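Next comes work_38.tsv, with TSV, C-alpha atoms and all ligand atoms.
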```
chain	number	residue	atom	x	y	z
H	1	MET	CA	-20.45	-39.61	2.59
H	2	GLY	CA	-17.49	-38.42	4.67
H	3	THR	CA	-17.78	-37.06	8.19
H	4	LYS	CA	-16.17	-34.05	9.76
H	5	ASP	CA	-13.84	-36.48	11.57
H	6	SER	CA	-12.31	-37.41	8.25
H	7	LEU	CA	-11.23	-33.81	7.61
H	8	GLN	CA	-7.61	-33.00	8.11
H	9	PRO	CA	-7.08	-29.56	9.66
H	10	LEU	CA	-5.27	-27.60	6.97
H	11	ASN	CA	-4.65	-24.42	8.97
H	12	PRO	CA	-3.33	-22.03	8.17
H	13	LEU	CA	-4.73	-22.16	4.66
H	14	THR	CA	-3.07	-19.39	2.68
H	15	ASP	CA	-3.19	-18.24	-0.93
H	16	THR	CA	-0.29	-17.48	-3.28
H	17	ARG	CA	0.14	-14.09	-1.59
H	18	GLY	CA	0.18	-15.55	1.93
H	19	ARG	CA	-3.33	-14.34	2.77
H	20	PRO	CA	-5.32	-16.58	5.16
H	21	MET	CA	-8.96	-17.45	4.48
H	22	ARG	CA	-10.99	-16.03	7.38
H	23	ASP	CA	-14.29	-14.53	6.17
H	24	LEU	CA	-17.06	-16.17	4.19
H	25	ARG	CA	-19.85	-14.17	2.58
H	26	ILE	CA	-22.90	-16.15	1.62
H	27	SER	CA	-25.40	-14.78	-0.88
H	28	VAL	CA	-28.78	-16.37	-0.14
H	29	THR	CA	-30.74	-14.72	-2.96
H	30	ASP	CA	-29.99	-12.75	-6.13
H	31	ARG	CA	-33.31	-10.89	-5.81
H	32	CYS	CA	-34.00	-7.60	-4.14
H	33	ASN	CA	-36.93	-5.34	-3.25
H	34	PHE	CA	-34.74	-2.29	-4.07
H	35	ARG	CA	-33.26	-1.26	-7.38
H	36	CYS	CA	-30.26	0.77	-6.26
H	37	THR	CA	-28.84	2.47	-9.31
H	38	TYR	CA	-25.28	1.47	-8.36
H	39	CYS	CA	-26.20	-2.18	-7.88
H	40	MET	CA	-29.36	-3.34	-9.69
H	41	PRO	CA	-30.44	-0.57	-12.06
H	42	ARG	CA	-33.95	-1.09	-13.43
H	43	SER	CA	-32.68	-0.53	-16.96
H	44	VAL	CA	-30.92	-3.91	-16.66
H	45	PHE	CA	-32.61	-5.86	-13.87
H	46	ASP	CA	-36.21	-5.17	-14.90
H	47	LYS	CA	-35.52	-6.11	-18.51
H	48	ASN	CA	-35.08	-9.78	-19.35
H	49	TYR	CA	-32.60	-10.28	-16.53
H	50	SER	CA	-32.38	-13.99	-15.69
H	51	PHE	CA	-32.81	-14.35	-11.97
H	52	LEU	CA	-32.02	-17.79	-10.63
H	53	ALA	CA	-34.76	-20.41	-10.40
H	54	ARG	CA	-35.50	-21.96	-7.01
H	55	THR	CA	-33.83	-25.28	-7.93
H	56	GLN	CA	-30.63	-23.43	-8.78
H	57	LEU	CA	-30.29	-21.98	-5.29
H	58	LEU	CA	-28.30	-23.78	-2.66
H	59	SER	CA	-30.71	-25.18	-0.07
H	60	PHE	CA	-30.23	-24.27	3.60
H	61	GLU	CA	-28.88	-27.78	4.23
H	62	GLU	CA	-26.31	-27.31	1.45
H	63	ILE	CA	-25.31	-23.88	2.72
H	64	VAL	CA	-24.83	-25.11	6.28
H	65	ARG	CA	-22.82	-28.09	5.11
H	66	VAL	CA	-20.49	-25.90	3.07
H	67	ALA	CA	-20.22	-23.42	5.94
H	68	SER	CA	-19.24	-26.16	8.36
H	69	VAL	CA	-16.48	-27.30	6.00
H	70	PHE	CA	-15.29	-23.68	5.74
H	71	SER	CA	-15.17	-23.44	9.52
H	72	THR	CA	-12.87	-26.48	9.68
H	73	LEU	CA	-10.61	-24.68	7.18
H	74	GLY	CA	-10.16	-21.60	9.33
H	75	VAL	CA	-13.12	-19.34	8.47
H	76	ARG	CA	-14.13	-17.42	11.61
H	77	LYS	CA	-16.70	-14.98	10.30
H	78	ILE	CA	-19.78	-15.50	8.14
H	79	ARG	CA	-21.82	-12.71	6.62
H	80	VAL	CA	-25.21	-13.57	5.14
H	81	THR	CA	-26.02	-11.24	2.26
H	82	GLY	CA	-27.46	-11.05	-1.26
H	83	GLY	CA	-29.46	-9.48	-3.05
H	84	GLU	CA	-31.67	-8.76	-0.10
H	85	PRO	CA	-31.17	-11.68	2.31
H	86	LEU	CA	-34.38	-11.02	4.25
H	87	LEU	CA	-36.35	-11.89	1.09
H	88	ARG	CA	-35.19	-15.50	1.33
H	89	ARG	CA	-38.04	-17.38	2.94
H	90	ASN	CA	-37.32	-18.55	6.50
H	91	VAL	CA	-33.84	-17.05	6.48
H	92	ASP	CA	-34.03	-17.06	10.30
H	93	LYS	CA	-33.95	-20.89	10.11
H	94	LEU	CA	-30.69	-20.66	8.20
H	95	ILE	CA	-29.31	-18.26	10.79
H	96	GLY	CA	-30.34	-20.70	13.52
H	97	ALA	CA	-28.48	-23.55	11.83
H	98	LEU	CA	-25.35	-21.45	11.13
H	99	HIS	CA	-25.40	-20.30	14.74
H	100	GLN	CA	-24.86	-23.93	15.81
H	101	LEU	CA	-21.43	-24.00	14.12
H	102	PRO	CA	-18.62	-23.45	16.65
H	103	ASP	CA	-16.33	-20.40	16.89
H	104	LEU	CA	-18.05	-18.31	14.24
H	105	GLU	CA	-19.03	-14.67	14.24
H	106	LEU	CA	-22.30	-14.42	12.33
H	107	THR	CA	-23.63	-11.21	10.77
H	108	LEU	CA	-26.03	-10.13	8.04
H	109	THR	CA	-26.21	-7.17	5.65
H	110	THR	CA	-29.64	-5.79	4.70
H	111	ASN	CA	-31.36	-2.75	3.25
H	112	GLY	CA	-33.34	-2.76	6.49
H	113	VAL	CA	-36.96	-2.40	5.43
H	114	LEU	CA	-37.93	-5.93	6.48
H	115	LEU	CA	-36.20	-5.66	9.85
H	116	PRO	CA	-39.24	-4.46	11.82
H	117	ARG	CA	-40.81	-7.86	11.07
H	118	MET	CA	-37.64	-9.97	11.07
H	119	ALA	CA	-35.28	-8.55	13.70
H	120	PRO	CA	-36.80	-10.35	16.73
H	121	ARG	CA	-36.78	-13.69	14.87
H	122	LEU	CA	-33.21	-13.22	13.70
H	123	ALA	CA	-32.03	-12.37	17.20
H	124	GLU	CA	-33.84	-15.36	18.62
H	125	ALA	CA	-32.17	-17.57	16.01
H	126	GLY	CA	-28.75	-16.45	17.24
H	127	LEU	CA	-27.80	-13.49	15.06
H	128	LYS	CA	-25.71	-11.00	17.04
H	129	ARG	CA	-25.25	-8.05	14.68
H	130	VAL	CA	-26.56	-6.55	11.45
H	131	THR	CA	-25.26	-4.04	8.94
H	132	VAL	CA	-27.94	-1.82	7.41
H	133	SER	CA	-27.45	0.12	4.18
H	134	LEU	CA	-28.71	3.70	4.03
H	135	ASP	CA	-27.38	6.25	1.56
H	136	SER	CA	-29.30	9.38	2.54
H	137	LEU	CA	-31.62	10.90	5.14
H	138	ASP	CA	-33.37	12.91	2.48
H	139	ASP	CA	-36.37	11.10	0.97
H	140	ALA	CA	-35.90	12.44	-2.54
H	141	THR	CA	-32.22	11.39	-2.65
H	142	PHE	CA	-33.02	8.05	-1.01
H	143	ARG	CA	-35.65	7.33	-3.68
H	144	ARG	CA	-33.39	8.49	-6.45
H	145	ILE	CA	-30.74	5.97	-5.36
H	146	SER	CA	-32.84	3.00	-4.21
H	147	ASP	CA	-35.45	3.53	-6.94
H	148	VAL	CA	-38.30	2.23	-4.78
H	149	ASP	CA	-41.42	3.84	-3.42
H	150	LEU	CA	-40.29	3.76	0.20
H	151	SER	CA	-39.04	6.35	2.66
H	152	VAL	CA	-35.98	6.88	4.78
H	153	SER	CA	-38.26	6.32	7.77
H	154	ASP	CA	-38.79	2.71	6.64
H	155	VAL	CA	-35.07	2.04	6.93
H	156	LEU	CA	-34.74	3.99	10.19
H	157	ALA	CA	-37.60	1.88	11.60
H	158	GLY	CA	-35.57	-1.19	10.63
H	159	ILE	CA	-32.51	0.15	12.43
H	160	ASP	CA	-34.61	0.85	15.53
H	161	ALA	CA	-36.10	-2.64	15.40
H	162	ALA	CA	-32.64	-4.18	15.13
H	163	LYS	CA	-31.47	-2.16	18.11
H	164	ALA	CA	-34.53	-3.14	20.14
H	165	ALA	CA	-33.86	-6.80	19.33
H	166	GLY	CA	-30.28	-6.46	20.59
H	167	LEU	CA	-28.62	-6.69	17.17
H	168	GLY	CA	-26.09	-3.99	17.90
H	169	PRO	CA	-23.93	-2.08	17.68
H	170	ILE	CA	-25.38	-1.64	14.20
H	171	LYS	CA	-23.17	-0.68	11.29
H	172	VAL	CA	-24.81	1.65	8.77
H	173	ASN	CA	-23.33	1.55	5.26
H	174	MET	CA	-23.52	4.64	3.05
H	175	VAL	CA	-22.23	4.36	-0.52
H	176	VAL	CA	-21.07	7.83	-1.51
H	177	LYS	CA	-21.54	8.89	-5.12
H	178	ARG	CA	-20.41	12.27	-6.36
H	179	GLY	CA	-23.19	14.65	-7.28
H	180	VAL	CA	-25.81	12.28	-5.87
H	181	ASN	CA	-25.41	12.09	-2.08
H	182	ASP	CA	-21.91	13.37	-1.31
H	183	GLN	CA	-23.30	16.62	0.08
H	184	GLN	CA	-25.10	14.62	2.75
H	185	THR	CA	-22.19	12.92	4.46
H	186	VAL	CA	-22.10	15.49	7.30
H	187	ASP	CA	-25.89	15.21	7.82
H	188	MET	CA	-25.53	11.45	8.09
H	189	ALA	CA	-22.65	11.84	10.54
H	190	ARG	CA	-24.70	14.28	12.63
H	191	HIS	CA	-27.69	11.94	12.68
H	192	PHE	CA	-25.80	8.85	13.85
H	193	LYS	CA	-23.28	10.60	16.11
H	194	GLY	CA	-23.96	9.57	19.69
H	195	SER	CA	-26.45	6.86	18.67
H	196	GLY	CA	-24.14	3.94	19.32
H	197	HIS	CA	-24.41	2.93	15.64
H	198	ILE	CA	-21.29	2.98	13.48
H	199	LEU	CA	-21.68	4.85	10.20
H	200	ARG	CA	-19.37	3.67	7.41
H	201	PHE	CA	-18.77	5.54	4.18
H	202	ILE	CA	-18.11	3.28	1.21
H	203	GLU	CA	-16.42	4.35	-1.99
H	204	TYR	CA	-18.59	3.65	-5.01
H	205	MET	CA	-17.13	0.58	-6.72
H	206	ASP	CA	-16.98	-0.76	-10.24
H	207	VAL	CA	-18.62	-4.08	-9.35
H	208	GLY	CA	-20.71	-5.74	-12.03
H	209	ALA	CA	-21.26	-4.41	-15.51
H	210	SER	CA	-24.59	-2.69	-15.15
H	211	ASN	CA	-24.06	0.45	-13.10
H	212	GLY	CA	-22.12	2.53	-15.64
H	213	TRP	CA	-19.36	3.21	-13.08
H	214	ARG	CA	-16.98	6.10	-13.75
H	215	LEU	CA	-13.98	7.05	-11.65
H	216	ASP	CA	-15.28	10.64	-11.57
H	217	ASP	CA	-18.28	9.43	-9.55
H	218	VAL	CA	-16.05	8.15	-6.74
H	219	VAL	CA	-15.61	10.38	-3.70
H	220	PRO	CA	-12.29	9.46	-2.07
H	221	SER	CA	-12.69	8.57	1.61
H	222	ARG	CA	-10.07	11.14	2.60
H	223	GLU	CA	-12.41	13.82	1.24
H	224	VAL	CA	-15.31	12.48	3.31
H	225	ILE	CA	-13.16	12.40	6.44
H	226	ALA	CA	-11.94	15.96	5.82
H	227	ARG	CA	-15.49	17.26	5.46
H	228	ILE	CA	-16.67	15.61	8.65
H	229	ASN	CA	-13.54	16.58	10.55
H	230	ASP	CA	-14.25	20.25	9.71
H	231	VAL	CA	-17.51	20.03	11.61
H	232	PHE	CA	-16.93	17.23	14.11
H	233	PRO	CA	-13.21	16.81	14.88
H	234	LEU	CA	-11.97	13.25	14.42
H	235	GLU	CA	-8.96	11.15	15.37
H	236	ALA	CA	-7.78	7.85	13.86
H	237	VAL	CA	-8.38	4.60	15.73
H	238	GLU	CA	-6.31	1.40	15.53
H	239	ALA	CA	-7.81	-1.44	13.48
H	240	ASN	CA	-9.67	-4.11	15.49
H	241	TYR	CA	-7.82	-6.88	13.69
H	242	HIS	CA	-5.45	-7.54	10.79
H	243	GLY	CA	-7.37	-7.30	7.52
H	244	GLU	CA	-10.18	-5.07	8.80
H	245	VAL	CA	-11.66	-3.45	5.73
H	246	ALA	CA	-12.96	-0.27	7.32
H	247	GLU	CA	-10.48	2.35	8.49
H	248	ARG	CA	-11.75	3.59	11.85
H	249	TRP	CA	-12.12	7.18	13.10
H	250	ARG	CA	-13.48	8.43	16.41
H	251	TYR	CA	-15.13	11.71	17.34
H	252	ARG	CA	-12.78	13.63	19.62
H	253	ASP	CA	-15.70	14.51	21.88
H	254	GLY	CA	-16.17	10.82	22.66
H	255	SER	CA	-19.54	10.49	20.94
H	256	GLY	CA	-18.74	7.41	18.91
H	257	GLU	CA	-16.90	6.33	15.79
H	258	ILE	CA	-17.25	6.14	12.02
H	259	GLY	CA	-15.46	4.13	9.35
H	260	VAL	CA	-14.42	4.49	5.73
H	261	ILE	CA	-14.07	1.71	3.18
H	262	SER	CA	-11.73	2.90	0.44
H	263	SER	CA	-11.77	0.02	-1.99
H	264	VAL	CA	-10.98	2.30	-4.93
H	265	THR	CA	-8.49	4.88	-3.64
H	266	GLN	CA	-6.69	2.70	-1.07
H	267	ALA	CA	-7.07	-0.89	-2.20
H	268	PHE	CA	-6.76	-3.44	0.58
H	269	CYS	CA	-6.17	-6.56	-1.55
H	270	GLY	CA	-2.95	-7.25	0.39
H	271	THR	CA	-4.87	-8.11	3.55
H	272	CYS	CA	-8.04	-9.51	1.96
H	273	THR	CA	-9.18	-12.67	3.76
H	274	ARG	CA	-12.63	-12.95	2.15
H	275	ILE	CA	-14.21	-15.64	0.00
H	276	ARG	CA	-17.73	-15.57	-1.40
H	277	LEU	CA	-20.32	-18.25	-1.96
H	278	SER	CA	-22.80	-17.18	-4.62
H	279	THR	CA	-26.52	-17.90	-4.49
H	280	GLU	CA	-26.13	-20.93	-6.74
H	281	GLY	CA	-23.09	-22.30	-4.97
H	282	LYS	CA	-20.11	-20.91	-6.83
H	283	LEU	CA	-17.01	-19.80	-5.00
H	284	PHE	CA	-15.51	-16.42	-5.83
H	285	THR	CA	-12.21	-15.31	-4.37
H	286	CYS	CA	-12.69	-11.68	-5.37
H	287	LEU	CA	-15.63	-9.33	-5.75
H	288	PHE	CA	-14.24	-8.54	-9.18
H	289	ALA	CA	-13.64	-12.12	-10.29
H	290	GLY	CA	-14.89	-12.99	-13.75
H	291	GLN	CA	-15.83	-16.56	-12.91
H	292	GLY	CA	-16.47	-18.81	-9.96
H	293	HIS	CA	-15.75	-22.39	-8.96
H	294	ASP	CA	-18.76	-24.67	-8.76
H	295	LEU	CA	-19.50	-26.34	-5.42
H	296	ARG	CA	-23.15	-27.18	-6.06
H	297	GLY	CA	-22.34	-29.87	-8.65
H	298	PRO	CA	-20.01	-31.81	-6.34
H	299	LEU	CA	-22.40	-31.27	-3.41
H	300	ARG	CA	-25.32	-32.77	-5.30
H	301	GLU	CA	-23.20	-35.58	-6.72
H	302	GLY	CA	-22.37	-36.86	-3.24
H	303	ALA	CA	-18.99	-35.30	-2.49
H	304	SER	CA	-17.76	-36.02	1.04
H	305	ASP	CA	-16.82	-33.24	3.44
H	306	ALA	CA	-13.19	-34.14	2.80
H	307	ASP	CA	-13.76	-33.78	-0.97
H	308	LEU	CA	-15.35	-30.37	-0.44
H	309	ALA	CA	-12.54	-29.31	1.86
H	310	ALA	CA	-9.97	-30.34	-0.75
H	311	LEU	CA	-11.85	-28.45	-3.46
H	312	ILE	CA	-12.12	-25.26	-1.40
H	313	SER	CA	-8.50	-25.49	-0.26
H	314	ASN	CA	-7.38	-25.86	-3.83
H	315	VAL	CA	-9.33	-22.77	-4.92
H	316	TRP	CA	-7.92	-20.71	-2.07
H	317	GLN	CA	-4.34	-21.93	-2.42
H	318	GLN	CA	-4.34	-20.95	-6.10
H	319	ARG	CA	-5.84	-17.54	-5.42
H	320	ASN	CA	-3.80	-14.73	-6.87
H	321	ASP	CA	-6.30	-11.88	-7.42
H	322	ARG	CA	-5.71	-8.28	-6.44
H	323	TYR	CA	-8.08	-6.49	-8.77
H	324	SER	CA	-8.40	-3.24	-6.84
H	325	GLU	CA	-4.63	-2.80	-6.72
H	326	ILE	CA	-4.28	-3.14	-10.47
H	327	ARG	CA	-7.49	-1.34	-11.45
H	328	SER	CA	-6.77	0.63	-14.62
H	329	ASP	CA	-8.11	1.32	-18.08
H	330	ASN	CA	-7.04	-2.21	-19.01
H	331	THR	CA	-9.18	-3.83	-16.32
H	332	HIS	CA	-12.23	-1.73	-17.08
H	333	ASP	CA	-13.59	-4.04	-19.77
H	334	LEU	CA	-12.99	-7.31	-17.92
H	335	LYS	CA	-16.05	-9.53	-17.47
H	336	ARG	CA	-17.49	-8.92	-14.00
H	337	ILE	CA	-20.19	-10.55	-11.92
H	338	GLU	CA	-23.08	-8.50	-10.50
H	339	MET	CA	-22.85	-7.78	-6.78
H	340	SER	CA	-26.44	-8.93	-6.13
H	341	TYR	CA	-25.47	-12.40	-7.40
H	342	ILE	CA	-22.04	-12.78	-5.85
H	343	GLY	CA	-23.08	-11.29	-2.49
H	344	GLY	CA	-22.03	-7.80	-1.42
X	1	LIG	C1	-25.09	-5.84	-2.45
X	1	LIG	S1	-25.74	-5.27	-0.91
X	1	LIG	C2	-26.53	-6.74	-0.31
X	1	LIG	C3	-27.21	-6.60	1.01
X	1	LIG	C4	-28.42	-5.69	1.10
X	1	LIG	N1	-29.29	-5.76	0.00
X	1	LIG	C5	-27.98	-4.25	1.33
X	1	LIG	O1	-28.18	-3.41	0.47
X	1	LIG	O2	-27.43	-4.01	2.40
X	1	LIG	C6	-24.35	-5.14	0.19
X	1	LIG	C7	-23.67	-3.80	0.25
X	1	LIG	O3	-23.06	-3.53	-0.99
X	1	LIG	C8	-23.15	-2.15	-1.24
X	1	LIG	N2	-22.97	-1.91	-2.67
X	1	LIG	C9	-23.73	-2.36	-3.69
X	1	LIG	N3	-23.25	-1.93	-4.87
X	1	LIG	C10	-22.14	-1.18	-4.60
X	1	LIG	C11	-21.20	-0.46	-5.39
X	1	LIG	N4	-21.28	-0.41	-6.72
X	1	LIG	N5	-20.19	0.18	-4.75
X	1	LIG	C12	-20.08	0.13	-3.40
X	1	LIG	N6	-20.92	-0.53	-2.60
X	1	LIG	C13	-21.96	-1.17	-3.19
X	1	LIG	C14	-24.53	-1.82	-0.73
X	1	LIG	O4	-24.70	-0.46	-0.49
X	1	LIG	C15	-24.61	-2.64	0.53
X	1	LIG	O5	-24.13	-1.91	1.63
X	2	LIG	S1	-27.45	-2.57	-2.71
X	2	LIG	FE1	-28.68	-4.09	-1.60
X	2	LIG	S2	-30.67	-3.06	-1.54
X	2	LIG	FE2	-29.59	-2.04	-3.14
X	2	LIG	S3	-30.17	-3.14	-5.03
X	2	LIG	FE3	-28.23	-4.01	-4.25
X	2	LIG	S4	-28.86	-5.76	-3.11
X	2	LIG	FE4	-30.66	-4.43	-3.30
```

Written as structure tokens, how would this file's structure read?
Ligand SMILES: C[S@@+](CC[C@H](N)C(=O)[O-])C[C@H]1O[C@@H](n2cnc3c(N)ncnc32)[C@H](O)[C@@H]1O
Ligand code: SF4
Amino acid sequence: MGTKDSLQPLNPLTDTRGRPMRDLRISVTDRCNFRCTYCMPRSVFDKNYSFLARTQLLSFEEIVRVASVFSTLGVRKIRVTGGEPLLRRNVDKLIGALHQLPDLELTLTTNGVLLPRMAPRLAEAGLKRVTVSLDSLDDATFRRISDVDLSVSDVLAGIDAAKAAGLGPIKVNMVVKRGVNDQQTVDMARHFKGSGHILRFIEYMDVGASNGWRLDDVVPSREVIARINDVFPLEAVEANYHGEVAERWRYRDGSGEIGVISSVTQAFCGTCTRIRLSTEGKLFTCLFAGQGHDLRGPLREGASDADLAALISNVWQQRNDRYSEIRSDNTHDLKRIEMSYIGG
């Protein structure tokens, strides 16, 4: 088996559109304790849906090995996600091992309800920040979207636990769907304003094939910003770095900032630096990709680190996708992978 010493630094690794590979998202499970209607609707996921068997999942050792190869290829940020990543047994051990890799920013996205139990362990393992998803402060709306018998207070308790464990500033993701929770954007802004947490409004996306997405359900981010600006005046903030997905806005009264992620109305394919490792070890260069590139096979057949690096480099260098920029009636029927599998 090859060693890291045998790897040739290939920086900067760029794709056919000159985009560097910087961010890796790792899905550690395709399962979830929620059934959000825009992600894992019960009508599909509770009916003969084939979740992956344990042997199909990448082991922690395999994930860390792949992540270390990615870091030699220029990846500087890793997000652990899923499905619900806190459902993966001993996920804090994985965080601990990923934390040992040099020069990496490590974060995790969760629906939050397991954070009261997990946040201290995650922080101890080396996690610095979390993103928590919360689509409403109203219990009825929250249940309508997440389709579980839990309350908003369960997620808020998770956010509090993350803060207490030092996993901040916490980003709070709200997917906005017209007619479902779009009337609650100002309430959400009011709640998190001044808290130190950063609320981000996400346009509802046509990921996967199960959520029955329609363009009419999308609330453009500019509409969300206009509504909030009417009540709490805002001003635009410069991006933190090239390729930042969220557009940043700050309250003029100095009480914090919010963000919008406009994947539908203002596609950001041109600066996309993300690659995804699915739960079973397939590489996807786009959230909307129809198929992935298998890494688990080569991993289990004894590929060296140099072999893996060559494979990954090849996938990235051939990357050409820009789905959100060319989204149209013609792309609507393309085969798409579910977000819970590919890693949101
Ligand atoms: C797939 S989830 C995985 C992590 C975790 N279970 C959670 O909900 O935070 C990651 C993010 O994707 C978002 N998401 C899922 N389906 C989406 C869709 N159709 N459009 C926009 N965002 C979506 C979720 O709201 C969440 O913030
Ligand atoms: S968005 Fe997250 S919490 Fe909701 S069903 Fe998907 S994976 Fe689960």

Given the choices H:Ile26, H:Leu167, H:Leu106, H:Ile145, which gets closest to Asn211 (chain H) if the distance is worked out from only C-alpha atoms?
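Checking each of H:Ile26, H:Leu167, H:Leu106, H:Ile145 against Asn211 (chain H), counting only C-alpha atoms, the winner is H:Ile145.
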
Could you jot down the CA of Cys272 (chain H) to CA of Ala289 (chain H) separation for me, Å, one decimal place?
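Computed distance, CA of Cys272 (chain H) to CA of Ala289 (chain H), equals 13.7 Å.
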
Would you write out, as a Markdown table, a table of all residues in chain H that have an atom no more than 7 Å from an atom of ligand LIG 2 (chain X), listing for each the closest atom pair and the distance in Å to one decimal, considering only C-alpha atoms and all ligand atoms and ordering rows by chain and rising residue number?
```
| residue | atom | partner | partner_atom | distance |
| --- | --- | --- | --- | --- |
| H:Cys32 | CA | X:LIG2 | FE4 | 4.7 |
| H:Asn33 | CA | X:LIG2 | FE4 | 6.3 |
| H:Phe34 | CA | X:LIG2 | FE4 | 4.7 |
| H:Arg35 | CA | X:LIG2 | S3 | 4.3 |
| H:Cys36 | CA | X:LIG2 | S3 | 4.1 |
| H:Cys39 | CA | X:LIG2 | FE3 | 4.5 |
| H:Met40 | CA | X:LIG2 | S3 | 4.7 |
| H:Gly82 | CA | X:LIG2 | S4 | 5.8 |
| H:Gly83 | CA | X:LIG2 | S4 | 3.8 |
| H:Glu84 | CA | X:LIG2 | S4 | 5.1 |
| H:Thr110 | CA | X:LIG2 | FE1 | 6.6 |
| H:Asn111 | CA | X:LIG2 | S2 | 4.8 |
| H:Ser146 | CA | X:LIG2 | FE2 | 6.1 |
| H:Ser340 | CA | X:LIG2 | S4 | 5.0 |
```

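Among the candidates H:Gly297, H:Pro233, H:Pro102, H:Pro85, the one nearest to ligand LIG 1 (chain X) when counting only C-alpha atoms and all ligand atoms is H:Pro85.
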
Computed interatomic separation between atom C12 of ligand LIG 1 (chain X) and CA of Thr141 (chain H) (Å)
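Going from atom C12 of ligand LIG 1 (chain X) over to CA of Thr141 (chain H), I get 16.6 Å.
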
Tell me, in Å to one decimal, how far CA of Val113 (chain H) is from CA of Gly96 (chain H).
21.1 Å

For ligand LIG 1 (chain X), which residue out of H:Val91, H:Ile261, H:Ile275, H:Ile63 is the nearest one, using all atoms listed in the file?
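Closest to ligand LIG 1 (chain X), using all atoms listed in the file: H:Ile261.
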
Can you tell me which residues come within 9 Å of ligand LIG 1 (chain X) when counting only C-alpha atoms and all ligand atoms, ideally as an NGL selection string?
:H and (27 or 31-34 or 36-40 or 80-86 or 108-112 or 131-135 or 172-177 or 202-208 or 211 or 213 or 263 or 338-344)

Would you mind listing what lies within 12 Å of Ala123 (chain H) as a PyMOL selection string, with all atoms listed in the file counted and same-chain residues fewer than 4 positions away left out?
chain H and resi 91-93+95-96+99+106-108+115-119+127-130+161-168

Region 279-288 of chain H: which residues within 6 Å, counting all atoms listed in the file, same-chain residues fewer than 4 positions away excluded, as a list in words?
Ser27, Val28, Thr29, Gln56, Leu57, Leu58, Ile275, Gly292, His293, Asp294, Leu295, Arg296 and Arg336 of chain H

Counting all atoms listed in the file, the option among H:Leu215, H:Ile225, H:Ala267, H:Ala309 closest to Ser68 (chain H)
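Smallest distance to Ser68 (chain H) is found for H:Ala309.
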
Please output region 22-33 of chain H, rebuilt to include N, CA and C atoms, as a tab-separated table (two decimals), in the coordinates of the input.
```
chain	number	residue	atom	x	y	z
H	22	ARG	N	-10.36	-16.25	6.07
H	22	ARG	CA	-10.99	-16.03	7.38
H	22	ARG	C	-12.48	-15.72	7.31
H	23	ASP	N	-12.90	-15.02	6.23
H	23	ASP	CA	-14.29	-14.53	6.17
H	23	ASP	C	-15.02	-15.14	4.99
H	24	LEU	N	-16.23	-15.62	5.26
H	24	LEU	CA	-17.06	-16.17	4.19
H	24	LEU	C	-18.32	-15.33	4.07
H	25	ARG	N	-18.60	-14.90	2.84
H	25	ARG	CA	-19.85	-14.17	2.58
H	25	ARG	C	-20.76	-15.08	1.79
H	26	ILE	N	-21.96	-15.22	2.26
H	26	ILE	CA	-22.90	-16.15	1.62
H	26	ILE	C	-24.06	-15.36	1.05
H	27	SER	N	-24.24	-15.43	-0.26
H	27	SER	CA	-25.40	-14.78	-0.88
H	27	SER	C	-26.55	-15.78	-0.89
H	28	VAL	N	-27.67	-15.42	-0.26
H	28	VAL	CA	-28.78	-16.37	-0.14
H	28	VAL	C	-29.89	-16.09	-1.16
H	29	THR	N	-29.80	-14.99	-1.87
H	29	THR	CA	-30.74	-14.72	-2.96
H	29	THR	C	-30.13	-13.68	-3.90
H	30	ASP	N	-30.47	-13.77	-5.18
H	30	ASP	CA	-29.99	-12.75	-6.13
H	30	ASP	C	-31.08	-11.72	-6.37
H	31	ARG	N	-32.19	-11.83	-5.62
H	31	ARG	CA	-33.31	-10.89	-5.81
H	31	ARG	C	-33.29	-9.79	-4.77
H	32	CYS	N	-33.98	-8.71	-5.09
H	32	CYS	CA	-34.00	-7.60	-4.14
H	32	CYS	C	-35.29	-6.80	-4.31
H	33	ASN	N	-35.74	-6.20	-3.21
H	33	ASN	CA	-36.93	-5.34	-3.25
H	33	ASN	C	-36.54	-3.89	-3.52
```
